[in-house]
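Take a look at the structure below.
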Amino acid sequence: MIPAQFDYVRPATLDEAIQALADGGEDAKVIAGGQSLMPLLRLRLAYPELLVDVGHLAELRGVTDTGGALLIGARTTHYDLLHDPLIAEHCGILAQTAATVADPAVRHRGTLGGSLAHGDPAGDLPAVVLALDATLIARGPGGERQIGAGDFFLDYLTTALDAGEVLTGISVPKLGPGWGYRYEKFHRTAQAWATVGVAALARRSDGVLAEARIGLTNMGTVPVRASAAEAAAAGVEASRAALDGAAAYAAEGTQPPADLHGAPDYRRHLARVLTGRALAAAAGV
Ligand SMILES: Cc1cc2nc3c(=O)[nH]c(=O)nc-3n(C[C@H](O)[C@H](O)[C@H](O)COP(=O)(O)OP(=O)(O)OC[C@H]3O[C@@H](n4cnc5c(N)ncnc54)[C@H](O)[C@@H]3O)c2cc1C
C-alpha cells in the first residue's frame, strides 16, 4: 500500500531535528533507518504528518569508550554493531544479537536506536540492552535526560520517549573479566523474527555462577528480565544440570502473547529451554 501523505525534513544537526520535532508537535515522527517505520506507514498503521529524518546525522553514529561504559550513538546500525572492535571487546552480545536480525539489507539500514525506540517486544536488541543494564539518553526541547533500560519500555510499541525527544545514545556498561554471554533465539525458518529470544549474561568465578542477568524477547508486551531464574542461578555450580534447574524458572511472571507462531504455553516452554542453553553457553559449560 502507498503511505498517507506526509511532509519530510532532513535537518543538518541534532538541534535542528529537535526544533523540527517541536514545530511538528504530536503529528511529527523521527525516522532513522526506516526499517520498522516504513512498513507501518505503508500499512497505514501510522500516519504522521511530518517525518524528521535523523538517518544521516554523523553525531548520532558510532561507538565511544567512556571508561567504564561504551556510548553507542542511536544511529549506529546493526551492521556497525557487528563490526565494531569496541563492541566485540566489551559488549560482544550486541554483535552476536545484531547478527541474528533480519538480513544484510535490513542490518545495513536499521539502527540500534530505532530498534529500541520502536518498542517491539519481538525485537531482539531490547532484551539485550535490558540484560546489559544499559542507560538510554534522550534529548528534547527541555534538554537531555537518561532513562534506565528497565524504565524505557512501557507497553507494546510504547516507550518512555516523549513526542519531541530524540534518542541520541545508549550507554552500555562494559562486561568485565569473568563475564560470558549468549543470545539464543527460536524463529521460523522463513523469517528471522523471534518466537522467543533469551539474552543471558553470566559471571563465573571458581566453578560457580556468581551472577546471571537474563532478558527475554517476546514474552510479554515489553522485554522482561527473568528475575526468578536470575535469582535461582546465582551461586549455583556452573554445570549444565544446575543451570537447567535455574532455567526452569525463566517463564515465571511472564505473560507471553498468543499468535500464529505459538501459544503462551509453548513460549513458556521455549523460554525455559533457551534460557538453559543460553546460561550454559554464557557460563562456558
Ligand atoms: C524484513 C525485516 C525483517 C526484520 N527482522 C527483524 C528481526 O529479526 N529482529 C529484530 O529485532 N528486528 C527485525 N526487523 C526490524 C528492524 O531491524 C528494526 O526494528 C529496525 O532496525 C529499527 O531501526 P530503524 O533505524 O530502521 O528505525 P525506524 O524504522 O526509522 O524507526 C522505528 C521507530 O523508532 C523511532 N526512532 C528511530 N530512531 C529514533 C531516534 N533516534 N530517536 C527517537 N525515535 C526514533 C521512529 O520514530 C519509529 O517509531 C526487521 C525489519 C524488516 C524490514
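For the C-alpha cells, the naming scheme is as follows: chains receive sequential letters (A, B, ...) according to their order of presentation, residues are indexed from 1 within each chain, and ligands are indexed from 1 in presentation order.
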
Next item on the list: Would you mind listing what lies within 12 Å of A:Ala190 as number ranges by chain, with only C-alpha atoms counted and same-chain residues fewer than 6 positions away left out?
Entry: A: 102-103, 261

Next item on the list: Can you list, as a ChimeraX atom specification, all residues belonging to stretch 142-267 of chain A that DSSP tags as strand (DSSP E)?
Entry: /A:143-148,153-155,158-159,166-173,179-187,194-205,208-217,224-225

Item checked: Nearest to A:Leu274, chosen from A:Gly110, A:Pro85, A:Gly197, A:Pro141, with only C-alpha atoms counted in the distances -> A:Gly197

Next item on the list: Would you mind listing the residues within 8 Å of ligand 1, counting only C-alpha atoms and all ligand atoms, as a VMD selection string?
Entry: chain A and resid 29 to 39 54 to 55 60 74 to 75 77 to 78 98 100 to 103 106 to 107 109 to 120 122 to 126 138 161 165 to 169 191 to 194

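Interatomic distance, atom CA of A:Leu132 to atom CA of A:Lys174: 8.6 Å.
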
Note to self: Give me the residues near A:Leu201 as a ChimeraX atom specification, where near means some atom within 8 Å (using only C-alpha atoms) and where sequence neighbours in that chain fewer than 2 positions away do not count.
What the structure shows: /A:131-132,179-182,199,203,212-214,279,282

Taking N, CA, C and O atoms for each residue, export the selection above as a JSON list (two decimals), in the first residue's frame.
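Final file, part_11.json:
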```
[["chain", "number", "residue", "atom", "x", "y", "z"],
["A", 131, "ALA", "N", 19.25, -6.69, 29.67],
["A", 131, "ALA", "CA", 20.18, -7.56, 30.41],
["A", 131, "ALA", "C", 21.50, -6.85, 30.68],
["A", 131, "ALA", "O", 22.14, -7.09, 31.71],
["A", 132, "LEU", "N", 21.89, -5.96, 29.79],
["A", 132, "LEU", "CA", 23.16, -5.25, 29.95],
["A", 132, "LEU", "C", 23.05, -4.08, 30.95],
["A", 132, "LEU", "O", 24.04, -3.39, 31.20],
["A", 179, "TRP", "N", 32.90, -12.47, 32.69],
["A", 179, "TRP", "CA", 31.55, -12.47, 32.12],
["A", 179, "TRP", "C", 31.53, -13.20, 30.78],
["A", 179, "TRP", "O", 32.42, -13.03, 29.95],
["A", 180, "GLY", "N", 30.50, -14.01, 30.58],
["A", 180, "GLY", "CA", 30.24, -14.63, 29.28],
["A", 180, "GLY", "C", 28.84, -14.24, 28.85],
["A", 180, "GLY", "O", 28.05, -13.72, 29.65],
["A", 181, "TYR", "N", 28.51, -14.52, 27.62],
["A", 181, "TYR", "CA", 27.19, -14.10, 27.13],
["A", 181, "TYR", "C", 26.70, -15.02, 26.02],
["A", 181, "TYR", "O", 27.48, -15.72, 25.38],
["A", 182, "ARG", "N", 25.38, -15.00, 25.80],
["A", 182, "ARG", "CA", 24.81, -15.70, 24.67],
["A", 182, "ARG", "C", 23.39, -15.20, 24.39],
["A", 182, "ARG", "O", 22.62, -15.00, 25.32],
["A", 199, "ALA", "N", 18.48, -13.43, 26.15],
["A", 199, "ALA", "CA", 19.81, -12.83, 26.26],
["A", 199, "ALA", "C", 20.33, -13.15, 27.65],
["A", 199, "ALA", "O", 19.77, -12.69, 28.65],
["A", 203, "ARG", "N", 28.41, -14.39, 35.02],
["A", 203, "ARG", "CA", 29.77, -14.17, 35.55],
["A", 203, "ARG", "C", 30.16, -15.41, 36.35],
["A", 203, "ARG", "O", 29.46, -15.79, 37.29],
["A", 212, "ALA", "N", 23.95, -13.85, 37.30],
["A", 212, "ALA", "CA", 23.35, -14.03, 35.97],
["A", 212, "ALA", "C", 22.37, -12.89, 35.70],
["A", 212, "ALA", "O", 21.68, -12.43, 36.61],
["A", 213, "ARG", "N", 22.35, -12.44, 34.44],
["A", 213, "ARG", "CA", 21.35, -11.42, 34.04],
["A", 213, "ARG", "C", 20.71, -11.94, 32.76],
["A", 213, "ARG", "O", 21.40, -12.28, 31.79],
["A", 214, "ILE", "N", 19.39, -11.98, 32.76],
["A", 214, "ILE", "CA", 18.67, -12.63, 31.66],
["A", 214, "ILE", "C", 17.55, -11.72, 31.15],
["A", 214, "ILE", "O", 16.68, -11.31, 31.92],
["A", 279, "LEU", "N", 22.32, -19.82, 29.29],
["A", 279, "LEU", "CA", 23.13, -19.76, 30.52],
["A", 279, "LEU", "C", 24.35, -20.67, 30.40],
["A", 279, "LEU", "O", 25.46, -20.28, 30.78],
["A", 282, "ALA", "N", 26.82, -19.08, 28.11],
["A", 282, "ALA", "CA", 27.42, -17.89, 28.73],
["A", 282, "ALA", "C", 28.42, -18.29, 29.81],
["A", 282, "ALA", "O", 29.44, -17.63, 30.00]]
```

Next item on the list: Step one, run DSSP on the backbone; step two, keep only residues of stretch 51-243 of chain A assigned to helix (DSSP H, G or I); then write them as a count of residues only.
Entry: 58

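Restricting the calculation to only C-alpha atoms, the smallest distance between A:Gly24 and any of A:Ala247, A:Ala163, A:Leu154, A:Ile137 is found for A:Ala163.
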
Distance query A:Ala251 at most 8 Å, only C-alpha atoms, self and fewer than 3 positions along chain excluded, as a compact mmCIF listing (two decimals) with N, CA, C and O atoms, in the first residue's frame:
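So selection.txt came out as:
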```txt
# COMPACT_ATOMS: atom_id res chain seq x y z
N MET A 219 8.14 -12.27 25.38
CA MET A 219 7.46 -12.99 26.46
C MET A 219 6.49 -12.07 27.19
O MET A 219 6.12 -12.31 28.34
N ALA A 226 14.19 -12.11 33.39
CA ALA A 226 13.76 -13.35 34.02
C ALA A 226 14.31 -13.36 35.44
O ALA A 226 15.26 -14.10 35.76
N ALA A 248 14.47 -23.42 34.77
CA ALA A 248 13.07 -23.86 34.94
C ALA A 248 12.20 -22.70 35.41
O ALA A 248 10.97 -22.72 35.25
N THR A 254 5.83 -14.09 33.52
CA THR A 254 5.70 -13.55 32.16
C THR A 254 4.28 -13.74 31.64
O THR A 254 3.54 -14.61 32.11
N ARG A 268 6.37 -20.35 26.89
CA ARG A 268 6.97 -20.57 28.23
C ARG A 268 7.97 -21.72 28.16
O ARG A 268 9.06 -21.66 28.72
N HIS A 269 7.58 -22.76 27.44
CA HIS A 269 8.48 -23.91 27.27
C HIS A 269 9.76 -23.46 26.56
O HIS A 269 10.87 -23.78 27.00
N ALA A 271 11.06 -20.51 26.48
CA ALA A 271 11.85 -19.63 27.36
C ALA A 271 12.71 -20.47 28.30
O ALA A 271 13.89 -20.16 28.54
N ARG A 272 12.14 -21.54 28.83
CA ARG A 272 12.90 -22.40 29.76
C ARG A 272 14.06 -23.10 29.04
O ARG A 272 15.20 -23.10 29.50
```

Pick out the residues sitting within 9 Å of A:Ala46, and hand them over as an mmCIF file with N, CA, C and O atoms, in the first residue's frame; count only C-alpha atoms, and ignore anything fewer than 5 positions along from it in its own chain.
```cif
data_model
loop_
_atom_site.group_PDB
_atom_site.id
_atom_site.type_symbol
_atom_site.label_atom_id
_atom_site.label_comp_id
_atom_site.auth_asym_id
_atom_site.auth_seq_id
_atom_site.Cartn_x
_atom_site.Cartn_y
_atom_site.Cartn_z
ATOM 1 N N PRO A 3 1.869 4.883 1.458
ATOM 2 C CA PRO A 3 1.621 5.610 2.717
ATOM 3 C C PRO A 3 0.730 6.837 2.504
ATOM 4 O O PRO A 3 0.675 7.380 1.399
ATOM 5 N N ALA A 4 0.082 7.243 3.583
ATOM 6 C CA ALA A 4 -0.659 8.515 3.551
ATOM 7 C C ALA A 4 0.340 9.649 3.341
ATOM 8 O O ALA A 4 1.535 9.493 3.624
ATOM 9 N N LEU A 37 9.548 1.710 10.644
ATOM 10 C CA LEU A 37 8.531 2.745 10.421
ATOM 11 C C LEU A 37 7.923 2.665 9.022
ATOM 12 O O LEU A 37 6.703 2.811 8.867
ATOM 13 N N LEU A 40 5.081 0.290 8.714
ATOM 14 C CA LEU A 40 3.885 0.799 9.406
ATOM 15 C C LEU A 40 3.184 1.870 8.572
ATOM 16 O O LEU A 40 1.957 1.938 8.532
ATOM 17 N N LEU A 41 3.988 2.721 7.906
ATOM 18 C CA LEU A 41 3.395 3.775 7.074
ATOM 19 C C LEU A 41 2.679 3.143 5.877
ATOM 20 O O LEU A 41 1.575 3.559 5.517
#
```

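Separating atom CA of A:Tyr8 from atom CA of A:Glu59 is a distance of 20.3 Å.
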